[in-house]
Amino acid sequence: MTDQATSAQIGVVGLAVMGSNLARNFARNGNTVAVYNRSAAKTHDLIEQHGHEGNFVPSETIEDFVASLEKPRRAIIMVQAGAATDAVINQLADAMEEGDIIIDGGNALYTDTIRREKEIAARGLNFVGAGISGGEEGALNGPSIMPGGPEASWEALGPLLESIAAVVDGTPCVTHIGPDGAGHFVKMVHNGIEYADMQVIGEAYQLLRYGAGLSPQEISEIFSTWNQGDLDSYLIEITAEVLKQVDAETGTPLVDLIVDAAGQKGTGRWTVKAALDLGIPVTGIGEAVFARALSSATAQREAAQGELPAGELHTLEALGVDRETFIEDVRRALYASKLVAYAQGFDEIKAGSTEHNWNVDPRDLATIWRGGCIIRAKFLNRIVGAYDANPELPTLLLDPYFKGELSNLVDSWRRVVVAATQIGQPIPVFASSLSYYDSLRAQRLPAALIQGQRDFFGAHTYKRVDKEGTFHTLWSGDRTEISTD
C-alpha cells in the first residue's frame, strides 16, 4: 500500500533491481519507505507490483521525496558509482537540512567516500558509505551491511539496518565499521576475497574436469558433498547448482556453453591497488584479478592455442595418481587456498584501518560476514573465535585452530600444485597461495640478494643481521663497506 500522509523512516533513491529489492526489504520489515527514481516509470512499477508488501511513499521529484522523510532524514542511494552518485548526493544535499543523513549503498571507491563525507559534513549533513553484500537475493531477504560514517549516524540508522540485515545465531549481520570510508573499504576487500574464493573454486573444477576427467554432473555431486564439511559456504553451494544445470535446448551442461571470459566491475582491482599502496601482499586476490583479465584476453588466447609449446605433459594415470586420492587432495588444496585468501584480506583491512585511523575490529567483520554476503562460510565462526582468543593475531594463519588445519592440508596442497604443473593445468591462485605460505614460513628469503643488488646499482644501502646500523659497499671502488648512519 502507499501512504502519502505518513512520514517515511527511510528512503531509497534508485530503483533498479538492487534498490527496488532493498526498498521492499525495508517495507516487509515494518518500515515506511519513501521511494524515488529519476525515471518515474520505475517508481510506478515498484508500487504496482509490490505495493502490497508494505508501506511505500512514492515521489516524482527529489524535493517531494525529501519532504516525505521523517527527521533526521535518512536516504539510501542505490545508483551507478561515480558521477551519477555525486549528482544524486548534491540533489539530496540541496533539499535536506542540518543533521540529515545520506547513505551511499553502492560499491563506491572508498577514497571517493572519504571525499564525499568531508564535503557533506561541511554542509552540516551526515554521509554514510555502506557496503551491502548479498546481491539481489540478499537485498531482498537479508544482506550483510557494512556502514561507515559518523557514530551519530549509526545511532540514527542502525536500528533500521538491523531490521533488514541477515541474522545468524540471533545477531544481525550489520555493525558500524568506522569513520568516513571504512565501510566501503571493508566491502571492497570483501569483494577481493570473493574474487579469490571464486577463482580457487574454478581451479578446483578445472582440475577435476580436465585432470581427473569428471563430468560437470559428477563434479556437482562432489561439491555438494564438500559443502557438508569444512568447505560449507554459499559459493560452494551455488557452484554445485551451476554445474548440474543442463541447457534445455541442446542437452549440454550449461557450463560448457558459457564463454570462458570472466567479467569484473572493479572492486577486485581496487583491492589490489589499495594493497599495493599499503604494502600488503594479497597475492591470492591479485592472481584472481589477473586470471579474470587473462580469461578476457581472447585474442591473445586464441593466437596462443596450438602455437605455444607445452613440453612433456602427463596424465594422472601416467603419474600414478589415484583419482579418488586426487579428488580429496584438491578439496584440501581448495580449503588451504581459501584460508590464505581470507587471511590476506584481513591483513589488508588491518593495514587500511591503521593507515586511516578507523579502528576496525576484524572480529566484527567475521561476525557480520557469516550471513547474507557472498563469502559467507562455515569457517567464519572459527575466524570469530580466532580474534576472540587473540585480537592482535599477526596473521590469521597462526591461530592455533587454523595452524592445525594447515598441518593436515599442506601435503595435499603441494601434491596438487605439482600434479597440476605436470598435467599442464593453470592454477594461479592455488600456486601463488602456496608460495605465499612458504614465504611466511621461510627462515631466509631472496630479499637479501635483492638488497645487495639495489645497493650495487643505486647505493640504496642495506642492514646486517649481525650488527646494528645501515651500510653501503663501495662496489665501484675498493669494495669496502661503510656505515651510512
# chains A, B, ... in the order shown; residues from 1 in each chain; ligands from 1
$ residues_around --residues "Arg28 of chain A" --least-positions-apart "6" --cutoff "9 Å" --atoms "only C-alpha atoms" --output "tab-separated table (two decimals) with N, CA, C and O atoms, in the first residue's frame"
chain	number	residue	atom	x	y	z
A	53	GLU	N	3.27	-5.16	-0.33
A	53	GLU	CA	4.20	-5.78	0.63
A	53	GLU	C	4.43	-4.91	1.87
A	53	GLU	O	5.01	-5.39	2.85
A	54	GLY	N	4.02	-3.66	1.84
A	54	GLY	CA	4.24	-2.78	2.99
A	54	GLY	C	3.88	-1.35	2.64
A	54	GLY	O	3.20	-1.09	1.65
A	55	ASN	N	4.35	-0.42	3.45
A	55	ASN	CA	4.04	0.99	3.25
A	55	ASN	C	5.12	1.68	2.44
A	55	ASN	O	6.28	1.75	2.86
A	164	ILE	N	16.65	-5.13	8.52
A	164	ILE	CA	16.64	-5.78	7.20
A	164	ILE	C	17.83	-6.71	6.99
A	164	ILE	O	17.87	-7.43	5.99
$ closest_residue --among "A:Phe456, A:Phe430, A:Tyr210, A:Trp154" --to "Ser412 of chain A" --atoms "only C-alpha atoms"
A:Phe430
$ closest_atom_pairs --of "segment 229-302 of chain A" --to "segment 330-337 of chain A" --cutoff "8 Å" --atoms "only C-alpha atoms" --output "JSON lines"
{"residue": "A:Asp230", "atom": "CA", "partner": "A:Tyr335", "partner_atom": "CA", "distance": 7.7}
{"residue": "A:Leu231", "atom": "CA", "partner": "A:Tyr335", "partner_atom": "CA", "distance": 6.6}
{"residue": "A:Gly284", "atom": "CA", "partner": "A:Ser337", "partner_atom": "CA", "distance": 7.9}
$ write_last_selection --atoms "N, CA and C atoms" --output "PDB file, in the first residue's frame"
ATOM      1  N   ASP A 230      34.008 -28.902   5.951  1.00  0.00           N
ATOM      2  CA  ASP A 230      34.751 -27.675   6.235  1.00  0.00           C
ATOM      3  C   ASP A 230      34.547 -26.592   5.190  1.00  0.00           C
ATOM      4  N   LEU A 231      34.220 -26.984   3.966  1.00  0.00           N
ATOM      5  CA  LEU A 231      34.051 -26.021   2.879  1.00  0.00           C
ATOM      6  C   LEU A 231      32.624 -25.494   2.773  1.00  0.00           C
ATOM      7  N   GLY A 284      46.964 -13.963  -3.502  1.00  0.00           N
ATOM      8  CA  GLY A 284      45.861 -14.780  -3.993  1.00  0.00           C
ATOM      9  C   GLY A 284      44.793 -13.930  -4.645  1.00  0.00           C
TER      10      GLY A 284
END
$ atom_distance --atom1 "atom CA of Ala447 of chain A" --atom2 "atom CA of Lys350 of chain A"
24.2 Å
$ select_by_dssp --residues "segment 320-436 of chain A" --states "alpha helix (DSSP H)" --output "PyMOL selection string"
chain A and resi 323-356+362-368+380-389+400-423+428-436
$ select_by_dssp --residues "segment 103-319 of chain A" --states "strand (DSSP E or B)" --output "ChimeraX atom specification"
/A:103-104,126-133,144-147,167-168,171-172,174,233,246,253
$ residues_around --residues "segment 176-186 of chain A" --least-positions-apart "3" --cutoff "9 Å" --atoms "only C-alpha atoms" --output "mmCIF file with N, CA, C and O atoms, in the first residue's frame"
data_model
loop_
_atom_site.group_PDB
_atom_site.id
_atom_site.type_symbol
_atom_site.label_atom_id
_atom_site.label_comp_id
_atom_site.auth_asym_id
_atom_site.auth_seq_id
_atom_site.Cartn_x
_atom_site.Cartn_y
_atom_site.Cartn_z
ATOM 1 N N GLY A 105 24.764 3.290 -0.764
ATOM 2 C CA GLY A 105 24.759 1.836 -0.610
ATOM 3 C C GLY A 105 25.382 1.095 -1.774
ATOM 4 O O GLY A 105 25.317 -0.134 -1.822
ATOM 5 N N GLY A 106 26.006 1.818 -2.703
ATOM 6 C CA GLY A 106 26.623 1.169 -3.853
ATOM 7 C C GLY A 106 28.064 0.774 -3.588
ATOM 8 O O GLY A 106 28.599 0.997 -2.496
ATOM 9 N N ASN A 107 28.703 0.222 -4.600
ATOM 10 C CA ASN A 107 30.116 -0.170 -4.493
ATOM 11 C C ASN A 107 30.994 1.011 -4.882
ATOM 12 O O ASN A 107 31.574 1.047 -5.968
ATOM 13 N N ALA A 108 31.096 1.990 -4.002
ATOM 14 C CA ALA A 108 31.904 3.175 -4.274
ATOM 15 C C ALA A 108 33.349 2.940 -3.862
ATOM 16 O O ALA A 108 33.629 2.198 -2.917
ATOM 17 N N LEU A 109 34.268 3.583 -4.567
ATOM 18 C CA LEU A 109 35.667 3.563 -4.176
ATOM 19 C C LEU A 109 35.804 4.321 -2.858
ATOM 20 O O LEU A 109 35.305 5.442 -2.725
ATOM 21 N N TYR A 110 36.475 3.714 -1.891
ATOM 22 C CA TYR A 110 36.491 4.279 -0.534
ATOM 23 C C TYR A 110 37.089 5.679 -0.478
ATOM 24 O O TYR A 110 36.696 6.490 0.365
ATOM 25 N N THR A 111 38.023 5.985 -1.376
ATOM 26 C CA THR A 111 38.592 7.338 -1.375
ATOM 27 C C THR A 111 37.553 8.360 -1.821
ATOM 28 O O THR A 111 37.561 9.510 -1.358
ATOM 29 N N ASP A 112 36.641 7.964 -2.719
ATOM 30 C CA ASP A 112 35.521 8.848 -3.073
ATOM 31 C C ASP A 112 34.624 9.072 -1.867
ATOM 32 O O ASP A 112 34.107 10.175 -1.648
ATOM 33 N N THR A 113 34.424 8.029 -1.077
ATOM 34 C CA THR A 113 33.588 8.142 0.123
ATOM 35 C C THR A 113 34.220 9.089 1.137
ATOM 36 O O THR A 113 33.522 9.898 1.757
ATOM 37 N N ILE A 114 35.541 8.995 1.313
ATOM 38 C CA ILE A 114 36.231 9.915 2.223
ATOM 39 C C ILE A 114 36.019 11.355 1.762
ATOM 40 O O ILE A 114 35.707 12.248 2.572
ATOM 41 N N ARG A 115 36.179 11.584 0.456
ATOM 42 C CA ARG A 115 35.967 12.939 -0.093
ATOM 43 C C ARG A 115 34.536 13.400 0.125
ATOM 44 O O ARG A 115 34.296 14.530 0.573
ATOM 45 N N ARG A 116 33.581 12.542 -0.204
ATOM 46 C CA ARG A 116 32.174 12.925 -0.078
ATOM 47 C C ARG A 116 31.789 13.213 1.361
ATOM 48 O O ARG A 116 31.013 14.124 1.635
ATOM 49 N N GLU A 117 32.314 12.409 2.279
ATOM 50 C CA GLU A 117 31.976 12.629 3.686
ATOM 51 C C GLU A 117 32.434 14.014 4.147
ATOM 52 O O GLU A 117 31.709 14.712 4.860
ATOM 53 N N LYS A 118 33.624 14.418 3.731
ATOM 54 C CA LYS A 118 34.129 15.746 4.103
ATOM 55 C C LYS A 118 33.275 16.848 3.491
ATOM 56 O O LYS A 118 32.940 17.848 4.157
ATOM 57 N N PHE A 127 27.168 11.858 6.120
ATOM 58 C CA PHE A 127 27.296 10.972 4.964
ATOM 59 C C PHE A 127 27.803 9.615 5.416
ATOM 60 O O PHE A 127 28.776 9.526 6.173
ATOM 61 N N VAL A 128 27.147 8.565 4.933
ATOM 62 C CA VAL A 128 27.498 7.195 5.309
ATOM 63 C C VAL A 128 27.771 6.389 4.039
ATOM 64 O O VAL A 128 26.911 6.302 3.154
ATOM 65 N N GLY A 129 28.966 5.837 3.943
ATOM 66 C CA GLY A 129 29.268 4.884 2.886
ATOM 67 C C GLY A 129 29.018 3.492 3.431
ATOM 68 O O GLY A 129 29.714 3.044 4.349
ATOM 69 N N ALA A 130 28.030 2.800 2.874
ATOM 70 C CA ALA A 130 27.634 1.487 3.402
ATOM 71 C C ALA A 130 27.832 0.405 2.356
ATOM 72 O O ALA A 130 27.179 0.430 1.303
ATOM 73 N N GLY A 131 28.717 -0.521 2.633
ATOM 74 C CA GLY A 131 28.843 -1.691 1.773
ATOM 75 C C GLY A 131 27.676 -2.626 2.024
ATOM 76 O O GLY A 131 27.301 -2.874 3.172
ATOM 77 N N ILE A 132 27.073 -3.115 0.956
ATOM 78 C CA ILE A 132 25.928 -4.030 1.073
ATOM 79 C C ILE A 132 26.239 -5.258 0.222
ATOM 80 O O ILE A 132 26.421 -5.150 -0.992
ATOM 81 N N ILE A 145 25.623 -5.937 5.880
ATOM 82 C CA ILE A 145 25.744 -4.497 5.652
ATOM 83 C C ILE A 145 26.925 -3.952 6.443
ATOM 84 O O ILE A 145 27.086 -4.257 7.632
ATOM 85 N N MET A 146 27.734 -3.127 5.786
ATOM 86 C CA MET A 146 28.970 -2.596 6.372
ATOM 87 C C MET A 146 28.979 -1.066 6.311
ATOM 88 O O MET A 146 29.633 -0.476 5.459
ATOM 89 N N PRO A 147 28.271 -0.393 7.203
ATOM 90 C CA PRO A 147 28.213 1.071 7.150
ATOM 91 C C PRO A 147 29.395 1.741 7.839
ATOM 92 O O PRO A 147 29.828 1.320 8.913
ATOM 93 N N GLY A 148 29.909 2.785 7.206
ATOM 94 C CA GLY A 148 30.904 3.640 7.849
ATOM 95 C C GLY A 148 30.241 4.931 8.293
ATOM 96 O O GLY A 148 29.051 4.963 8.575
ATOM 97 N N GLY A 149 31.024 6.009 8.344
ATOM 98 C CA GLY A 149 30.453 7.314 8.668
ATOM 99 C C GLY A 149 30.481 7.652 10.143
ATOM 100 O O GLY A 149 30.988 6.884 10.979
ATOM 101 N N PRO A 150 29.933 8.814 10.488
ATOM 102 C CA PRO A 150 29.954 9.281 11.879
ATOM 103 C C PRO A 150 29.188 8.352 12.822
ATOM 104 O O PRO A 150 28.181 7.753 12.436
ATOM 105 N N GLU A 151 29.657 8.275 14.045
ATOM 106 C CA GLU A 151 28.988 7.445 15.051
ATOM 107 C C GLU A 151 27.543 7.876 15.254
ATOM 108 O O GLU A 151 26.650 7.048 15.434
ATOM 109 N N TRP A 154 25.208 6.255 12.884
ATOM 110 C CA TRP A 154 24.900 4.873 13.215
ATOM 111 C C TRP A 154 23.794 4.803 14.254
ATOM 112 O O TRP A 154 22.920 3.942 14.185
ATOM 113 N N GLY A 158 21.265 2.678 12.614
ATOM 114 C CA GLY A 158 21.487 1.291 12.998
ATOM 115 C C GLY A 158 20.237 0.442 13.143
ATOM 116 O O GLY A 158 20.155 -0.655 12.554
ATOM 117 N N VAL A 189 37.389 -4.926 0.127
ATOM 118 C CA VAL A 189 38.239 -6.078 0.417
ATOM 119 C C VAL A 189 37.399 -7.354 0.467
ATOM 120 O O VAL A 189 37.847 -8.422 0.023
ATOM 121 N N HIS A 190 36.201 -7.260 1.007
ATOM 122 C CA HIS A 190 35.271 -8.393 0.968
ATOM 123 C C HIS A 190 35.146 -8.895 -0.464
ATOM 124 O O HIS A 190 35.224 -10.102 -0.727
ATOM 125 N N ASN A 191 34.970 -7.980 -1.402
ATOM 126 C CA ASN A 191 34.834 -8.381 -2.799
ATOM 127 C C ASN A 191 36.127 -8.956 -3.352
ATOM 128 O O ASN A 191 36.113 -9.860 -4.193
ATOM 129 N N THR A 271 40.913 -3.473 -4.764
ATOM 130 C CA THR A 271 41.508 -4.160 -3.617
ATOM 131 C C THR A 271 43.010 -4.327 -3.808
ATOM 132 O O THR A 271 43.801 -4.087 -2.889
ATOM 133 N N ILE A 349 42.726 -5.213 5.510
ATOM 134 C CA ILE A 349 41.790 -4.401 6.298
ATOM 135 C C ILE A 349 42.486 -3.825 7.527
ATOM 136 O O ILE A 349 42.310 -2.643 7.871
ATOM 137 N N GLY A 352 44.707 -0.986 6.311
ATOM 138 C CA GLY A 352 43.905 0.179 5.950
ATOM 139 C C GLY A 352 43.348 0.888 7.159
ATOM 140 O O GLY A 352 43.319 2.124 7.220
ATOM 141 N N SER A 353 42.917 0.106 8.144
ATOM 142 C CA SER A 353 42.399 0.690 9.376
ATOM 143 C C SER A 353 43.471 1.492 10.104
ATOM 144 O O SER A 353 43.220 2.594 10.601
ATOM 145 N N HIS A 356 44.274 4.827 8.173
ATOM 146 C CA HIS A 356 43.239 5.865 8.204
ATOM 147 C C HIS A 356 42.634 6.082 9.596
ATOM 148 O O HIS A 356 41.670 6.841 9.724
ATOM 149 N N ASN A 357 43.204 5.404 10.606
ATOM 150 C CA ASN A 357 42.714 5.565 11.990
ATOM 151 C C ASN A 357 41.229 5.223 12.115
ATOM 152 O O ASN A 357 40.454 5.946 12.732
ATOM 153 N N TRP A 358 40.843 4.091 11.515
ATOM 154 C CA TRP A 358 39.443 3.682 11.538
ATOM 155 C C TRP A 358 39.092 2.804 12.740
ATOM 156 O O TRP A 358 37.931 2.684 13.105
ATOM 157 N N ASN A 359 40.079 2.117 13.311
ATOM 158 C CA ASN A 359 39.835 1.225 14.444
ATOM 159 C C ASN A 359 38.826 0.125 14.100
ATOM 160 O O ASN A 359 37.914 -0.177 14.875
ATOM 161 N N VAL A 360 39.003 -0.486 12.928
ATOM 162 C CA VAL A 360 38.122 -1.576 12.505
ATOM 163 C C VAL A 360 38.443 -2.824 13.319
ATOM 164 O O VAL A 360 39.606 -3.187 13.497
ATOM 165 N N ASP A 361 37.405 -3.487 13.814
ATOM 166 C CA ASP A 361 37.571 -4.711 14.593
ATOM 167 C C ASP A 361 37.364 -5.915 13.674
ATOM 168 O O ASP A 361 36.249 -6.143 13.191
ATOM 169 N N ASP A 364 34.413 -8.237 14.340
ATOM 170 C CA ASP A 364 33.100 -7.773 13.904
ATOM 171 C C ASP A 364 32.839 -8.161 12.451
ATOM 172 O O ASP A 364 31.720 -8.535 12.091
ATOM 173 N N LEU A 365 33.874 -8.070 11.620
ATOM 174 C CA LEU A 365 33.696 -8.388 10.211
ATOM 175 C C LEU A 365 33.391 -9.871 10.026
ATOM 176 O O LEU A 365 32.494 -10.239 9.256
#
$ atom_distance --atom1 "atom CA of Ile193 of chain A" --atom2 "atom CA of Val272 of chain A"
10.5 Å
$ atom_distance --atom1 "atom CA of Gly192 of chain A" --atom2 "atom CA of Glu221 of chain A"
27.4 Å
$ residues_around --residues "segment 458-474 of chain A" --least-positions-apart "6" --cutoff "7 Å" --atoms "only C-alpha atoms" --output "number ranges by chain"
A: 451, 480-485
$ write_last_selection --atoms "N, CA, C and O atoms" --output "short mmCIF file (atom, residue, chain, number, x, y, z; two decimals), in the first residue's frame"
data_model
loop_
_atom_site.label_atom_id
_atom_site.label_comp_id
_atom_site.auth_asym_id
_atom_site.auth_seq_id
_atom_site.Cartn_x
_atom_site.Cartn_y
_atom_site.Cartn_z
N GLN A 451 68.47 -6.77 -1.90
CA GLN A 451 69.04 -5.60 -1.23
C GLN A 451 70.49 -5.36 -1.67
O GLN A 451 70.92 -4.22 -1.85
N THR A 480 85.08 -1.83 -0.02
CA THR A 480 84.96 -1.79 1.44
C THR A 480 83.54 -1.38 1.80
O THR A 480 82.83 -0.76 1.01
N GLU A 481 83.18 -1.74 3.00
CA GLU A 481 81.85 -1.41 3.49
C GLU A 481 81.93 -0.19 4.40
O GLU A 481 82.82 -0.10 5.25
N ILE A 482 80.98 0.74 4.24
CA ILE A 482 80.94 1.92 5.08
C ILE A 482 79.60 2.02 5.77
O ILE A 482 78.59 1.52 5.26
N SER A 483 79.58 2.62 6.93
CA SER A 483 78.33 2.89 7.64
C SER A 483 77.73 4.17 7.09
O SER A 483 78.42 5.14 6.81
N THR A 484 76.42 4.18 6.89
CA THR A 484 75.75 5.38 6.36
C THR A 484 74.90 6.06 7.44
O THR A 484 74.17 7.01 7.13
N ASP A 485 74.99 5.62 8.67
CA ASP A 485 74.23 6.24 9.77
C ASP A 485 74.81 7.61 10.11
O ASP A 485 76.02 7.84 10.02
#
$ closest_atom_pairs --of "segment 266-357 of chain A" --to "segment 377-391 of chain A" --cutoff "10 Å" --atoms "only C-alpha atoms" --output "JSON lines"
{"residue": "A:Leu339", "atom": "CA", "partner": "A:Phe379", "partner_atom": "CA", "distance": 9.1}
{"residue": "A:Tyr342", "atom": "CA", "partner": "A:Ile383", "partner_atom": "CA", "distance": 9.3}
{"residue": "A:Ala343", "atom": "CA", "partner": "A:Ile383", "partner_atom": "CA", "distance": 9.5}
$ closest_residue --among "A:Ser476, A:Leu445, A:Met18, A:Trp369" --to "Val167 of chain A" --atoms "only C-alpha atoms"
A:Trp369
$ residues_around --residues "Gly372 of chain A" --least-positions-apart "6" --cutoff "6 Å" --atoms "only C-alpha atoms" --output "list in words"
Gly134, Gly138, Gly142, Pro143, Ser144 and Ala166 of chain A
$ write_last_selection --atoms "C-alpha atoms" --output "compact mmCIF listing (two decimals), in the first residue's frame"
# COMPACT_ATOMS: atom_id res chain seq x y z
CA GLY A 134 24.41 -10.46 -0.93
CA GLY A 138 20.42 -10.55 -0.16
CA GLY A 142 18.68 -10.06 4.28
CA PRO A 143 22.12 -8.76 3.26
CA SER A 144 25.33 -8.25 5.18
CA ALA A 166 20.60 -11.22 7.63
$ residues_around --residues "Arg415 of chain A" --least-positions-apart "5" --cutoff "12 Å" --atoms "only C-alpha atoms" --output "PyMOL selection string"
chain A and resi 316+319+321-322+325-333+409-410+420-422+430-431+434
$ write_last_selection --atoms "N, CA and C atoms" --output "compact mmCIF listing (two decimals), in the first residue's frame"
# COMPACT_ATOMS: atom_id res chain seq x y z
N LEU A 316 47.12 -38.09 -15.07
CA LEU A 316 47.20 -38.53 -13.67
C LEU A 316 47.55 -40.01 -13.60
N LEU A 319 51.12 -40.58 -14.03
CA LEU A 319 51.86 -40.14 -12.84
C LEU A 319 51.64 -41.07 -11.66
N VAL A 321 48.79 -41.38 -10.05
CA VAL A 321 47.94 -40.69 -9.07
C VAL A 321 46.55 -41.32 -9.08
N ASP A 322 46.14 -41.84 -7.96
CA ASP A 322 44.81 -42.42 -7.82
C ASP A 322 43.76 -41.31 -7.88
N THR A 325 42.11 -40.27 -4.52
CA THR A 325 43.08 -39.54 -3.70
C THR A 325 43.25 -38.13 -4.23
N PHE A 326 43.28 -38.00 -5.56
CA PHE A 326 43.44 -36.69 -6.18
C PHE A 326 42.26 -35.79 -5.84
N ILE A 327 41.05 -36.32 -5.89
CA ILE A 327 39.85 -35.53 -5.56
C ILE A 327 39.94 -34.99 -4.14
N GLU A 328 40.35 -35.84 -3.21
CA GLU A 328 40.49 -35.39 -1.82
C GLU A 328 41.62 -34.38 -1.68
N ASP A 329 42.72 -34.58 -2.41
CA ASP A 329 43.81 -33.60 -2.37
C ASP A 329 43.35 -32.24 -2.88
N VAL A 330 42.54 -32.24 -3.94
CA VAL A 330 42.02 -30.97 -4.48
C VAL A 330 41.14 -30.29 -3.45
N ARG A 331 40.32 -31.06 -2.76
CA ARG A 331 39.48 -30.47 -1.71
C ARG A 331 40.34 -29.79 -0.66
N ARG A 332 41.38 -30.47 -0.23
CA ARG A 332 42.24 -29.90 0.81
C ARG A 332 43.02 -28.68 0.30
N ALA A 333 43.48 -28.74 -0.94
CA ALA A 333 44.18 -27.59 -1.52
C ALA A 333 43.25 -26.40 -1.66
N LEU A 409 46.55 -30.07 5.71
CA LEU A 409 46.24 -29.71 4.33
C LEU A 409 47.47 -29.58 3.44
N VAL A 410 48.59 -29.22 4.04
CA VAL A 410 49.72 -28.75 3.24
C VAL A 410 50.30 -29.82 2.32
N ALA A 420 49.24 -30.46 -11.04
CA ALA A 420 48.67 -29.51 -11.99
C ALA A 420 49.72 -29.04 -12.99
N THR A 421 50.93 -28.81 -12.50
CA THR A 421 52.02 -28.41 -13.39
C THR A 421 52.36 -29.51 -14.38
N GLN A 422 52.37 -30.75 -13.92
CA GLN A 422 52.74 -31.88 -14.79
C GLN A 422 51.68 -32.20 -15.83
N PHE A 430 45.95 -21.30 -6.51
CA PHE A 430 46.49 -22.43 -5.72
C PHE A 430 47.99 -22.28 -5.54
N ALA A 431 48.70 -22.03 -6.66
CA ALA A 431 50.16 -21.99 -6.62
C ALA A 431 50.69 -20.77 -5.89
N LEU A 434 50.24 -21.10 -2.13
CA LEU A 434 51.22 -21.97 -1.52
C LEU A 434 52.57 -21.27 -1.40
$ residues_around --residues "Ala261 of chain A" --least-positions-apart "3" --cutoff "10 Å" --atoms "only C-alpha atoms" --output "PDB file with all heavy atoms, in the first residue's frame"
ATOM      1  N   ILE A 258      28.900 -21.666 -21.735  1.00  0.00           N
ATOM      2  CA  ILE A 258      29.195 -20.302 -21.294  1.00  0.00           C
ATOM      3  C   ILE A 258      30.597 -19.917 -21.762  1.00  0.00           C
ATOM      4  O   ILE A 258      31.546 -20.687 -21.578  1.00  0.00           O
ATOM      5  CB  ILE A 258      29.091 -20.183 -19.758  1.00  0.00           C
ATOM      6  CG1 ILE A 258      27.661 -20.497 -19.292  1.00  0.00           C
ATOM      7  CG2 ILE A 258      29.504 -18.785 -19.288  1.00  0.00           C
ATOM      8  CD1 ILE A 258      27.507 -20.547 -17.772  1.00  0.00           C
ATOM      9  N   ALA A 291      43.681 -13.406 -13.303  1.00  0.00           N
ATOM     10  CA  ALA A 291      43.100 -14.555 -14.001  1.00  0.00           C
ATOM     11  C   ALA A 291      41.858 -14.142 -14.781  1.00  0.00           C
ATOM     12  O   ALA A 291      41.628 -14.605 -15.904  1.00  0.00           O
ATOM     13  CB  ALA A 291      42.763 -15.669 -13.004  1.00  0.00           C
ATOM     14  N   ARG A 292      41.044 -13.263 -14.190  1.00  0.00           N
ATOM     15  CA  ARG A 292      39.871 -12.775 -14.925  1.00  0.00           C
ATOM     16  C   ARG A 292      40.301 -11.955 -16.131  1.00  0.00           C
ATOM     17  O   ARG A 292      39.724 -12.066 -17.218  1.00  0.00           O
ATOM     18  CB  ARG A 292      38.980 -11.931 -14.006  1.00  0.00           C
ATOM     19  CG  ARG A 292      38.258 -12.719 -12.949  1.00  0.00           C
ATOM     20  CD  ARG A 292      37.071 -11.943 -12.413  1.00  0.00           C
ATOM     21  NE  ARG A 292      36.510 -12.572 -11.223  1.00  0.00           N
ATOM     22  CZ  ARG A 292      35.388 -12.185 -10.629  1.00  0.00           C
ATOM     23  NH1 ARG A 292      34.719 -11.145 -11.121  1.00  0.00           N
ATOM     24  NH2 ARG A 292      34.951 -12.800  -9.560  1.00  0.00           N
ATOM     25  N   ALA A 293      41.323 -11.115 -15.926  1.00  0.00           N
ATOM     26  CA  ALA A 293      41.806 -10.301 -17.040  1.00  0.00           C
ATOM     27  C   ALA A 293      42.338 -11.181 -18.163  1.00  0.00           C
ATOM     28  O   ALA A 293      42.063 -10.937 -19.352  1.00  0.00           O
ATOM     29  CB  ALA A 293      42.889  -9.336 -16.541  1.00  0.00           C
ATOM     30  N   LEU A 294      43.094 -12.222 -17.807  1.00  0.00           N
ATOM     31  CA  LEU A 294      43.650 -13.123 -18.818  1.00  0.00           C
ATOM     32  C   LEU A 294      42.546 -13.900 -19.526  1.00  0.00           C
ATOM     33  O   LEU A 294      42.608 -14.130 -20.738  1.00  0.00           O
ATOM     34  CB  LEU A 294      44.653 -14.080 -18.173  1.00  0.00           C
ATOM     35  CG  LEU A 294      45.366 -15.066 -19.101  1.00  0.00           C
ATOM     36  CD1 LEU A 294      46.081 -14.335 -20.230  1.00  0.00           C
ATOM     37  CD2 LEU A 294      46.345 -15.916 -18.323  1.00  0.00           C
ATOM     38  N   SER A 295      41.516 -14.284 -18.783  1.00  0.00           N
ATOM     39  CA  SER A 295      40.414 -15.015 -19.412  1.00  0.00           C
ATOM     40  C   SER A 295      39.738 -14.167 -20.491  1.00  0.00           C
ATOM     41  O   SER A 295      39.221 -14.701 -21.479  1.00  0.00           O
ATOM     42  CB  SER A 295      39.381 -15.454 -18.362  1.00  0.00           C
ATOM     43  OG  SER A 295      38.567 -14.362 -17.939  1.00  0.00           O
ATOM     44  N   SER A 296      39.749 -12.857 -20.290  1.00  0.00           N
ATOM     45  CA  SER A 296      39.109 -11.947 -21.245  1.00  0.00           C
ATOM     46  C   SER A 296      40.047 -11.486 -22.354  1.00  0.00           C
ATOM     47  O   SER A 296      39.616 -10.760 -23.263  1.00  0.00           O
ATOM     48  CB  SER A 296      38.553 -10.730 -20.499  1.00  0.00           C
ATOM     49  OG  SER A 296      37.552 -11.130 -19.576  1.00  0.00           O
ATOM     50  N   ALA A 297      41.311 -11.886 -22.291  1.00  0.00           N
ATOM     51  CA  ALA A 297      42.267 -11.554 -23.358  1.00  0.00           C
ATOM     52  C   ALA A 297      42.107 -12.571 -24.481  1.00  0.00           C
ATOM     53  O   ALA A 297      43.019 -13.355 -24.806  1.00  0.00           O
ATOM     54  CB  ALA A 297      43.692 -11.547 -22.803  1.00  0.00           C
ATOM     55  N   THR A 298      40.940 -12.580 -25.082  1.00  0.00           N
ATOM     56  CA  THR A 298      40.569 -13.649 -26.009  1.00  0.00           C
ATOM     57  C   THR A 298      41.450 -13.685 -27.255  1.00  0.00           C
ATOM     58  O   THR A 298      41.760 -14.771 -27.765  1.00  0.00           O
ATOM     59  CB  THR A 298      39.093 -13.518 -26.404  1.00  0.00           C
ATOM     60  OG1 THR A 298      38.848 -12.178 -26.866  1.00  0.00           O
ATOM     61  CG2 THR A 298      38.187 -13.795 -25.207  1.00  0.00           C
TER      62      THR A 298
END
$ closest_residue --among "A:Gly345, A:Val174, A:Ala93, A:Ser215" --to "Leu254 of chain A" --atoms "only C-alpha atoms"
A:Ser215
